[in-house]
Amino acid sequence: MTDKEEMNVQDENSIIAERRSKLAEIRSLGHAFPNNFTPEDFAKKLHALYENDEKADLEQKNIHVVVAGRMMLKRVMGKASFATIQDKSGRIQLYVARDNINSDKNPELYSQFKKWDLGDILGAKGKLFKTNTGELTIEVSEIILLTKSLRPLPEKFHGLSDQEIKYRQRYVDLIVSEDTRETFLKRSKIISGIRDFMREYEFLEVETPMLHPIPGGASARPFMTHHNALDMDMFLRIAPELYLKRLVVGGFDRVFEINRNFRNEGLSVRHNPEFTMMEFYAAYTDYQWLMDFTEECIKKVAIDATGDLKVTYQAKLIDFSKPFDRLTLVEAILKYSDKYKKDELEDLASVKSAIKKLGGEVVEHAGLGASQLMLFEMVAEEHLWNPTYIVDYPVEVSPLARASSDNKEITERFELFIAGREIANGFSELNDAEDQAQRFKAQVAAKEAGDEEAMYYDADFIRALEYGMPPTGGCGIGIDRLVMLVTDKPSIRDVIFFPHMRPE
RNA sequence: GGGGUGUUAGCUCAGCUGGUAGAGCACCGGACUUUUAAUCCGUUGGUCGCGCGUUCGAUCCGCGCACACCCUACCA
């Protein structure tokens with residue numbers, strides 16, 4: 001017996017045993033899993049069309065419908081019953097009376113129906129009517145059990161509250177939680193909205209490799225795998241950046257990709273080992289253009305998901321309606337902490353001592369920029385609640401970004417923060433092949449010095465740049481985190497169907 | 001990786017400063033042809049996450065382990 005079979009056996013209980021024996025009886029009567037029933041009507045639409053009709057009017061209209069769905073509620077009252085079924089769109093009530101469904105062909109149908117369980121999937125045909133209390137209901141004339149459910153559903157009123165089961169058995173969560181269904185419908189709507197938006201701006205949707213011979217495009221630890229036929233190690237991609245830029249070299253001026261990245265790092269409410277990112281590149285633009293564009297895109301997402309630019313996240317308001325703030329690292333530090341003077345923040349030794357005072361670990365070889373960044377993360381980042389762009393990232397932590405024309409120590413780079421977390425990262429791309437080669441060499445040196453997240457030297461990417469990449473702006477947006485914000489979810493696991501979990 | 005909290009019936013939850021457990025829903029049997037988490041009557045269901053220890057006795061105390069959630073670290 002395999003582990004899985006063993007798990008199933010341990011899982012068995014009297015309720016499942018009871019249902020298995022019901023299924024056995026159904027099998028003995030003929031086809032237990034018929035597949036020749038097709039619904040023509042759906043709960044939500046029926047409610048929309050007929051909810052407001054008076055009882056008598058509805059009766060006169062004589063509307064016959066065909067529905068199918070999972071039985072969520074059942075009230076048997078002797079020779080007649082009410083049942084509520086749930087289809088993809090919502091719920092609708094059935095009125096099932098013995099004398100309406102039993103026939104010469106099957107005089108036992110109603111007594112069979114009485115044995116059907118919550119969770120069973122059934123199909124029904126009948127006429128719409130209003131009950132005495134005014135609920136739109138189908139007076140069933142034909143009913144059929146399409147799929148026997150062997151496992152009992154969670155409690156019909158409280159639903160599923162065990163987070164672990166919600167994540168591990170998302171199918172159950174989706175059956176019983178309207179809120180979960182709503183969240184994932186919104187996620188889907190957001191992503192197709194983003195696609196529409198990108199197409200409007202003439203971006204081409206592309207797909208680049210998920211298996212990389214050299215991991216690149218971000219500072220992160222990769223997952224490793226092996227290609228047998230080629231007998232070579234490969235890496236699940238940590239970012240699509242270097243491939244997308246190759247496409248810009250090739251002449252596709254505007255490209256975007258919405259797909260998974262994989263990073264072999266810790267899990268948290270904001271981190272899943274595989275997460276969805278949109279990266280996009282636009283030739284002949286720079287980081288200023290990207291900030292305007294990204295802002296517009298994110299405002300559209302807020303509208304698509306909530307219908308509003310003022311969004312409540314974890315009981316606090318996020319205001320997308322105003323132009324997003326733009327601050328340099330130093331400005332952000334000064335804004336959120338009154339402990340420092342501007343001059344101090346321009347001095348390496350005093351920035352490092354400020355970090356030490358806050359209990360941070362000072363990195364020996366870190367320059368002014370990297371140290372400012374560290375201080376920023378310690379005192380300012382979590383306070384960036386409303387959308388805020390932070391600009392002027394140091395060259396030493398931005399190996400793929402174009403250096404500022406005015407100051408060689410900083411890059412034309414921004415990160416967007418909302419609700420204290422990083423949502424997007426973009427920059428004017430470094431298109432000087434010789435500079436890029438130097439930066440890769442510096443990364444390789446850092447890797448040899450023990451920085452596991454430093455980048456590899458990608459010779460083919462340098463070769464591509466040597467053919468010439470036009471001046472280009474590029475940006476990545478963390479889709480899962482964005483979805484969290486506009487669906488008001490505290491954990492990334494709430495917006496990923498099957499979040500990574502330890503095996504049971 | 002470090003810290004905190006949790007794990008009791010299929011589900012939602014009580015309970016016990018140590019004497020081997022209860023409710024509601026679901027299930028099973030019965031009554032009921034307009035119910036609304038239907039109602040009413042009667043049942044069934046648990047090695048109280050796993051292991052070790054302390055104890056006459058552990059669901060409860062201690063230690064370890066597993067898994068989850070939160071915080072923290074790395075990062076998006």
# chains A, B, ... in the order shown; residues from 1 in each chain; ligands from 1
>>> closest_atom_pairs(of="chain B", to="chain A", cutoff="7 Å", atoms="only C-alpha atoms (C1' of nucleotides)", output="Markdown table")
| residue | atom | partner | partner_atom | distance |
| --- | --- | --- | --- | --- |
| B:G10 | C1' | A:Pro152 | CA | 5.9 |
| B:C11 | C1' | A:Pro154 | CA | 4.1 |
| B:U12 | C1' | A:His158 | CA | 5.9 |
| B:C25 | C1' | A:Glu155 | CA | 5.6 |
| B:A26 | C1' | A:Glu155 | CA | 6.8 |
| B:C27 | C1' | A:Ile15 | CA | 5.7 |
| B:C32 | C1' | A:Gly78 | CA | 4.9 |
| B:U33 | C1' | A:Ala80 | CA | 4.8 |
| B:U34 | C1' | A:Thr131 | CA | 5.5 |
| B:U35 | C1' | A:Phe82 | CA | 6.2 |
| B:A37 | C1' | A:Phe157 | CA | 5.5 |
| B:A38 | C1' | A:Arg75 | CA | 6.2 |
| B:A68 | C1' | A:Glu164 | CA | 5.9 |
| B:C74 | C1' | A:Gly266 | CA | 6.7 |
| B:A76 | C1' | A:Gly478 | CA | 6.1 |
>>> select_by_dssp(residues="segment 246-460 of chain A", states="strand (DSSP E or B)", output="MDAnalysis selection string")
chainID A and resid 254:262 268 271 274:283 310:313 316:319 325:328 388:391 394 401 403 410:411 413:418 421:429
>>> atom_distance(atom1="atom CA of Ala239 of chain A", atom2="atom CA of Arg260 of chain A")
8.4 Å
>>> closest_residue(among="B:U59, B:U54, B:U43, B:U36", to="U8 of chain B", atoms="only C-alpha atoms (C1' of nucleotides)")
B:U59
>>> residues_around(residues="G49 of chain B", least_positions_apart="5", cutoff="9 Å", atoms="only C-alpha atoms (C1' of nucleotides)", output="ChimeraX atom specification")
/B:7,66-67
>>> write_last_selection(atoms="N, CA and C atoms (P, O5', C5', C4', C3', O3' and C1' of nucleotides)", output="short mmCIF file (atom, residue, chain, number, x, y, z; two decimals), in the first residue's frame")
data_model
loop_
_atom_site.label_atom_id
_atom_site.label_comp_id
_atom_site.auth_asym_id
_atom_site.auth_seq_id
_atom_site.Cartn_x
_atom_site.Cartn_y
_atom_site.Cartn_z
P U B 7 -5.49 24.12 20.70
"O5'" U B 7 -5.34 23.17 19.43
"C5'" U B 7 -6.17 23.36 18.28
"C4'" U B 7 -5.80 22.31 17.24
"C3'" U B 7 -6.03 20.87 17.70
"O3'" U B 7 -6.60 20.10 16.65
"C1'" U B 7 -3.77 21.18 17.07
P A B 66 10.32 18.17 13.50
"O5'" A B 66 8.84 17.80 13.02
"C5'" A B 66 8.60 16.63 12.29
"C4'" A B 66 7.14 16.46 12.03
"C3'" A B 66 6.45 17.68 11.43
"O3'" A B 66 6.65 17.74 10.03
"C1'" A B 66 5.16 16.87 13.22
P C B 67 6.92 19.15 9.33
"O5'" C B 67 5.46 19.79 9.28
"C5'" C B 67 4.43 19.16 8.52
"C4'" C B 67 3.08 19.66 8.96
"C3'" C B 67 2.91 21.18 8.94
"O3'" C B 67 2.69 21.68 7.63
"C1'" C B 67 2.04 20.34 10.95
#
>>> residues_around(residues="Trp116 of chain A", least_positions_apart="3", cutoff="9 Å", atoms="only C-alpha atoms (C1' of nucleotides)", output="list in words")
Lys22, Met71, Gln112, Phe113, Gly119, Asp120, Leu145 and Lys148 of chain A
>>> write_last_selection(atoms="N, CA and C atoms", output="CSV table (one decimal), in the first residue's frame")
chain,number,residue,atom,x,y,z
A,22,LYS,N,-24.2,4.0,-0.3
A,22,LYS,CA,-25.2,4.6,-1.2
A,22,LYS,C,-24.8,4.5,-2.6
A,71,MET,N,-25.5,20.3,-4.5
A,71,MET,CA,-26.6,20.5,-3.5
A,71,MET,C,-25.9,21.0,-2.1
A,112,GLN,N,-35.5,8.0,-3.7
A,112,GLN,CA,-34.1,8.1,-4.0
A,112,GLN,C,-33.5,9.5,-3.6
A,113,PHE,N,-34.2,10.5,-4.1
A,113,PHE,CA,-33.8,11.9,-3.9
A,113,PHE,C,-33.6,12.1,-2.4
A,119,GLY,N,-23.6,18.1,-1.1
A,119,GLY,CA,-22.4,17.9,-1.8
A,119,GLY,C,-22.6,17.1,-3.1
A,120,ASP,N,-23.7,16.4,-3.2
A,120,ASP,CA,-23.9,15.7,-4.4
A,120,ASP,C,-24.2,16.7,-5.5
A,145,LEU,N,-29.4,12.6,-10.4
A,145,LEU,CA,-28.1,12.7,-9.7
A,145,LEU,C,-27.0,12.5,-10.7
A,148,LYS,N,-22.2,11.5,-7.3
A,148,LYS,CA,-22.3,11.2,-5.9
A,148,LYS,C,-21.0,11.7,-5.2
>>> atom_distance(atom1="atom CA of Ala315 of chain A", atom2="atom CA of Ile298 of chain A")
20.2 Å
>>> select_by_dssp(residues="segment 225-354 of chain A", states="helix (DSSP H, G or I)", output="NGL selection string")
:A and (241-249 or 287-306 or 329-336 or 342-345 or 348-354)
>>> write_last_selection(atoms="C-alpha atoms", output="CSV table (one decimal), in the first residue's frame")
chain,number,residue,atom,x,y,z
A,241,GLU,CA,14.6,40.2,-17.6
A,242,LEU,CA,17.6,39.2,-19.6
A,243,TYR,CA,15.5,37.3,-22.2
A,244,LEU,CA,13.0,40.1,-22.6
A,245,LYS,CA,15.8,42.6,-23.2
A,246,ARG,CA,17.2,40.2,-25.9
A,247,LEU,CA,13.8,40.6,-27.6
A,248,VAL,CA,14.2,44.3,-27.5
A,249,VAL,CA,17.6,43.9,-29.1
A,287,TYR,CA,12.3,55.4,-15.8
A,288,GLN,CA,10.2,58.6,-15.6
A,289,TRP,CA,8.0,57.4,-18.3
A,290,LEU,CA,7.8,54.0,-16.6
A,291,MET,CA,6.6,55.6,-13.4
A,292,ASP,CA,3.8,57.4,-15.1
A,293,PHE,CA,2.8,54.3,-17.0
A,294,THR,CA,3.0,52.0,-14.0
A,295,GLU,CA,0.9,54.4,-12.0
A,296,GLU,CA,-1.8,54.4,-14.6
A,297,CYS,CA,-1.7,50.6,-14.8
A,298,ILE,CA,-2.1,50.2,-11.1
A,299,LYS,CA,-4.9,52.7,-10.9
A,300,LYS,CA,-6.7,50.6,-13.5
A,301,VAL,CA,-6.2,47.5,-11.4
A,302,ALA,CA,-7.7,49.2,-8.4
A,303,ILE,CA,-10.7,50.2,-10.4
A,304,ASP,CA,-11.1,46.8,-12.0
A,305,ALA,CA,-11.0,45.0,-8.7
A,306,THR,CA,-12.9,47.4,-6.4
A,329,LEU,CA,16.1,57.3,-0.6
A,330,VAL,CA,17.4,60.2,1.5
A,331,GLU,CA,14.2,62.2,1.2
A,332,ALA,CA,12.2,59.2,2.4
A,333,ILE,CA,14.6,58.7,5.4
A,334,LEU,CA,14.2,62.4,6.3
A,335,LYS,CA,10.5,62.2,5.9
A,336,TYR,CA,9.9,59.3,8.2
A,342,LYS,CA,20.6,65.7,5.3
A,343,ASP,CA,24.4,66.1,5.6
A,344,GLU,CA,24.7,63.1,7.9
A,345,LEU,CA,22.9,61.0,5.3
A,348,LEU,CA,29.2,57.0,4.8
A,349,ALA,CA,30.5,56.8,8.3
A,350,SER,CA,27.5,58.5,9.9
A,351,VAL,CA,25.0,56.5,7.9
A,352,LYS,CA,26.8,53.3,9.1
A,353,SER,CA,26.7,54.4,12.7
A,354,ALA,CA,23.0,55.2,12.4
>>> atom_distance(atom1="atom CA of Glu274 of chain A", atom2="atom CA of Arg187 of chain A")
16.2 Å
>>> decode(residues="segment 29-66 of chain B", atoms="N, CA and C atoms (P, O5', C5', C4', C3', O3' and C1' of nucleotides)", output="compact mmCIF listing (two decimals), in the first residue's frame")
# COMPACT_ATOMS: atom_id res chain seq x y z
P G B 29 -31.58 5.96 7.14
O5' G B 29 -32.51 5.79 8.42
C5' G B 29 -32.68 4.51 9.01
C4' G B 29 -33.62 4.60 10.18
C3' G B 29 -34.92 5.35 9.93
O3' G B 29 -35.88 4.58 9.22
C1' G B 29 -34.02 6.03 11.99
P G B 30 -36.97 5.35 8.32
O5' G B 30 -37.84 6.17 9.38
C5' G B 30 -38.78 5.48 10.20
C4' G B 30 -39.44 6.43 11.17
C3' G B 30 -40.26 7.57 10.57
O3' G B 30 -41.51 7.13 10.06
C1' G B 30 -39.00 8.38 12.40
P A B 31 -42.21 7.97 8.89
O5' A B 31 -42.67 9.32 9.62
C5' A B 31 -43.73 9.29 10.58
C4' A B 31 -44.09 10.69 11.01
C3' A B 31 -44.34 11.68 9.87
O3' A B 31 -45.64 11.54 9.31
C1' A B 31 -42.98 12.68 11.53
P C B 32 -45.85 11.69 7.73
O5' C B 32 -45.67 13.26 7.52
C5' C B 32 -46.64 14.17 8.05
C4' C B 32 -46.10 15.57 7.94
C3' C B 32 -45.69 16.02 6.53
O3' C B 32 -46.81 16.45 5.77
C1' C B 32 -43.98 16.59 8.07
P U B 33 -46.87 16.11 4.17
O5' U B 33 -46.68 17.53 3.51
C5' U B 33 -45.44 18.22 3.56
C4' U B 33 -45.37 19.19 2.39
C3' U B 33 -46.55 20.15 2.34
O3' U B 33 -46.04 21.40 1.91
C1' U B 33 -46.37 18.99 0.29
P U B 34 -46.54 22.75 2.64
O5' U B 34 -45.51 23.81 2.08
C5' U B 34 -44.13 23.74 2.44
C4' U B 34 -43.49 25.09 2.17
C3' U B 34 -44.25 26.27 2.76
O3' U B 34 -43.30 27.23 3.18
C1' U B 34 -44.06 26.53 0.43
P U B 35 -43.37 27.94 4.63
O5' U B 35 -42.00 27.53 5.30
C5' U B 35 -41.84 26.25 5.93
C4' U B 35 -40.48 25.71 5.61
C3' U B 35 -39.34 26.69 5.81
O3' U B 35 -38.93 26.72 7.16
C1' U B 35 -39.09 25.61 3.73
P U B 36 -38.37 28.09 7.81
O5' U B 36 -37.02 28.39 7.03
C5' U B 36 -35.83 27.68 7.34
C4' U B 36 -34.71 28.17 6.43
C3' U B 36 -34.24 29.58 6.75
O3' U B 36 -32.86 29.66 6.52
C1' U B 36 -35.00 29.49 4.53
P A B 37 -31.98 30.68 7.34
O5' A B 37 -30.56 29.98 7.35
C5' A B 37 -30.10 29.23 6.22
C4' A B 37 -29.45 27.95 6.72
C3' A B 37 -30.43 27.00 7.42
O3' A B 37 -30.05 25.64 7.18
C1' A B 37 -28.75 27.66 8.93
P A B 38 -31.02 24.82 6.22
O5' A B 38 -32.49 25.04 6.83
C5' A B 38 -32.89 24.31 7.95
C4' A B 38 -34.19 24.89 8.46
C3' A B 38 -34.70 24.29 9.75
O3' A B 38 -34.07 24.87 10.87
C1' A B 38 -36.46 24.41 8.18
P U B 39 -33.69 23.97 12.15
O5' U B 39 -35.12 23.57 12.71
C5' U B 39 -35.99 24.55 13.24
C4' U B 39 -37.33 23.93 13.53
C3' U B 39 -37.30 22.71 14.46
O3' U B 39 -37.23 23.10 15.81
C1' U B 39 -38.67 22.25 12.60
P C B 40 -36.42 22.20 16.87
O5' C B 40 -37.41 20.97 17.09
C5' C B 40 -38.70 21.19 17.63
C4' C B 40 -39.49 19.90 17.58
C3' C B 40 -38.75 18.67 18.10
O3' C B 40 -38.73 18.60 19.52
C1' C B 40 -39.84 18.14 16.08
P C B 41 -37.47 17.96 20.29
O5' C B 41 -37.73 16.40 20.08
C5' C B 41 -38.90 15.80 20.60
C4' C B 41 -38.96 14.35 20.19
C3' C B 41 -37.67 13.55 20.40
O3' C B 41 -37.49 13.17 21.76
C1' C B 41 -38.55 13.07 18.27
P G B 42 -36.00 13.02 22.36
O5' G B 42 -35.45 11.71 21.65
C5' G B 42 -36.12 10.48 21.86
C4' G B 42 -35.55 9.42 20.96
C3' G B 42 -34.04 9.23 21.04
O3' G B 42 -33.66 8.50 22.19
C1' G B 42 -34.74 9.20 18.78
P U B 43 -32.13 8.52 22.65
O5' U B 43 -31.52 7.61 21.50
C5' U B 43 -30.15 7.60 21.25
C4' U B 43 -29.90 6.78 20.02
C3' U B 43 -28.44 6.71 19.61
O3' U B 43 -27.77 5.69 20.33
C1' U B 43 -29.74 7.29 17.72
P U B 44 -26.31 5.98 20.87
O5' U B 44 -25.45 5.94 19.53
C5' U B 44 -25.49 4.79 18.68
C4' U B 44 -24.80 5.09 17.38
C3' U B 44 -23.39 5.64 17.52
O3' U B 44 -22.45 4.60 17.72
C1' U B 44 -24.60 6.94 15.95
P G B 45 -21.24 4.84 18.76
O5' G B 45 -20.29 5.88 18.00
C5' G B 45 -19.60 5.47 16.82
C4' G B 45 -19.21 6.68 16.03
C3' G B 45 -18.09 7.51 16.64
O3' G B 45 -16.84 7.01 16.18
C1' G B 45 -19.89 8.92 15.97
P G B 46 -15.79 6.37 17.24
O5' G B 46 -14.94 7.63 17.71
C5' G B 46 -14.61 8.65 16.76
C4' G B 46 -13.61 9.58 17.38
C3' G B 46 -12.47 8.90 18.13
O3' G B 46 -11.24 9.37 17.64
C1' G B 46 -13.54 10.53 19.52
P U B 47 -10.14 8.48 16.98
O5' U B 47 -8.96 8.39 18.06
C5' U B 47 -8.72 7.18 18.68
C4' U B 47 -8.30 7.37 20.13
C3' U B 47 -7.10 8.33 20.22
O3' U B 47 -7.50 9.57 20.86
C1' U B 47 -6.49 6.11 20.97
P C B 48 -7.33 10.17 22.20
O5' C B 48 -7.80 11.66 21.97
C5' C B 48 -7.52 12.31 20.72
C4' C B 48 -7.73 13.79 20.91
C3' C B 48 -6.55 14.53 21.54
O3' C B 48 -6.39 15.75 20.83
C1' C B 48 -8.50 14.89 22.83
P G B 49 -4.97 16.45 20.67
O5' G B 49 -4.22 15.69 19.48
C5' G B 49 -4.91 15.37 18.27
C4' G B 49 -3.91 14.97 17.23
C3' G B 49 -2.81 14.03 17.73
O3' G B 49 -3.22 12.68 17.69
C1' G B 49 -1.83 15.83 16.55
P C B 50 -2.79 11.69 18.86
O5' C B 50 -1.28 11.33 18.49
C5' C B 50 -0.97 10.64 17.29
C4' C B 50 0.53 10.53 17.13
C3' C B 50 1.27 9.99 18.36
O3' C B 50 1.24 8.57 18.43
C1' C B 50 2.36 11.93 17.58
P G B 51 1.33 7.90 19.90
O5' G B 51 2.82 8.17 20.37
C5' G B 51 3.90 7.51 19.74
C4' G B 51 5.22 8.02 20.27
C3' G B 51 5.45 7.87 21.76
O3' G B 51 5.85 6.56 22.12
C1' G B 51 6.12 10.02 21.08
P C B 52 5.55 6.04 23.64
O5' C B 52 6.57 6.86 24.54
C5' C B 52 7.96 6.57 24.49
C4' C B 52 8.74 7.63 25.24
C3' C B 52 8.45 7.75 26.74
O3' C B 52 9.10 6.76 27.52
C1' C B 52 8.51 9.91 25.77
P G B 53 8.42 6.36 28.94
O5' G B 53 8.58 7.68 29.82
C5' G B 53 9.85 8.06 30.32
C4' G B 53 9.78 9.42 30.95
C3' G B 53 9.02 9.52 32.28
O3' G B 53 9.80 9.06 33.36
C1' G B 53 8.45 11.34 30.88
P U B 54 9.07 8.40 34.64
O5' U B 54 8.35 9.62 35.34
C5' U B 54 9.12 10.65 35.96
C4' U B 54 8.20 11.71 36.52
C3' U B 54 7.07 11.18 37.39
O3' U B 54 7.50 10.92 38.73
C1' U B 54 6.22 12.76 35.85
P U B 55 7.11 9.54 39.41
O5' U B 55 5.54 9.65 39.61
C5' U B 55 4.97 10.66 40.42
C4' U B 55 3.48 10.71 40.23
C3' U B 55 2.76 9.38 40.39
O3' U B 55 2.54 9.05 41.75
C1' U B 55 1.96 10.51 38.45
P C B 56 2.79 7.56 42.25
O5' C B 56 1.63 6.75 41.56
C5' C B 56 1.65 5.31 41.58
C4' C B 56 0.30 4.79 41.14
C3' C B 56 -0.23 5.41 39.86
O3' C B 56 0.28 4.77 38.71
C1' C B 56 -1.93 5.45 41.51
P G B 57 0.74 5.65 37.48
O5' G B 57 -0.62 6.28 36.95
C5' G B 57 -1.59 5.44 36.32
C4' G B 57 -2.87 6.19 36.11
C3' G B 57 -2.76 7.45 35.25
O3' G B 57 -2.78 7.13 33.88
C1' G B 57 -4.04 7.92 37.18
P A B 58 -1.92 8.08 32.85
O5' A B 58 -2.65 9.49 32.94
C5' A B 58 -3.99 9.68 32.51
C4' A B 58 -4.09 10.94 31.67
C3' A B 58 -3.35 10.85 30.34
O3' A B 58 -4.06 11.62 29.39
C1' A B 58 -2.44 12.59 31.63
P U B 59 -4.88 10.92 28.23
O5' U B 59 -5.42 12.11 27.33
C5' U B 59 -4.61 12.70 26.35
C4' U B 59 -5.01 14.14 26.15
C3' U B 59 -4.54 15.09 27.24
O3' U B 59 -3.22 15.52 27.00
C1' U B 59 -6.82 15.50 26.73
P C B 60 -2.19 15.67 28.21
O5' C B 60 -2.69 17.00 28.95
C5' C B 60 -2.80 18.23 28.25
C4' C B 60 -3.49 19.24 29.12
C3' C B 60 -2.75 19.54 30.43
O3' C B 60 -2.84 20.91 30.73
C1' C B 60 -4.93 18.76 30.89
P C B 61 -1.57 21.84 30.36
O5' C B 61 -0.45 21.33 31.37
C5' C B 61 -0.36 21.84 32.69
C4' C B 61 0.86 21.27 33.38
C3' C B 61 2.09 21.10 32.49
O3' C B 61 2.81 22.32 32.38
C1' C B 61 1.75 19.12 33.72
P G B 62 3.63 22.64 31.05
O5' G B 62 4.90 21.70 31.17
C5' G B 62 5.87 21.92 32.19
C4' G B 62 6.99 20.91 32.06
C3' G B 62 7.58 20.78 30.66
O3' G B 62 8.55 21.78 30.41
C1' G B 62 7.12 18.63 31.53
P C B 63 8.77 22.30 28.89
O5' C B 63 9.57 21.09 28.23
C5' C B 63 10.88 20.75 28.66
C4' C B 63 11.33 19.46 28.00
C3' C B 63 11.24 19.44 26.49
O3' C B 63 12.32 20.10 25.86
C1' C B 63 10.33 17.44 27.34
P G B 64 12.08 20.82 24.43
O5' G B 64 11.97 19.57 23.44
C5' G B 64 13.11 18.77 23.18
C4' G B 64 12.73 17.54 22.40
C3' G B 64 12.06 17.79 21.06
O3' G B 64 13.01 18.12 20.05
C1' G B 64 10.86 16.12 22.21
P C B 65 12.57 19.08 18.83
O5' C B 65 11.59 18.15 17.98
C5' C B 65 12.09 16.98 17.36
C4' C B 65 10.96 16.16 16.78
C3' C B 65 10.08 16.89 15.76
O3' C B 65 10.68 16.95 14.49
C1' C B 65 8.71 15.72 17.28
P A B 66 10.32 18.17 13.50
O5' A B 66 8.84 17.80 13.02
C5' A B 66 8.60 16.63 12.29
C4' A B 66 7.14 16.46 12.03
C3' A B 66 6.45 17.68 11.43
O3' A B 66 6.65 17.74 10.03
C1' A B 66 5.16 16.87 13.22
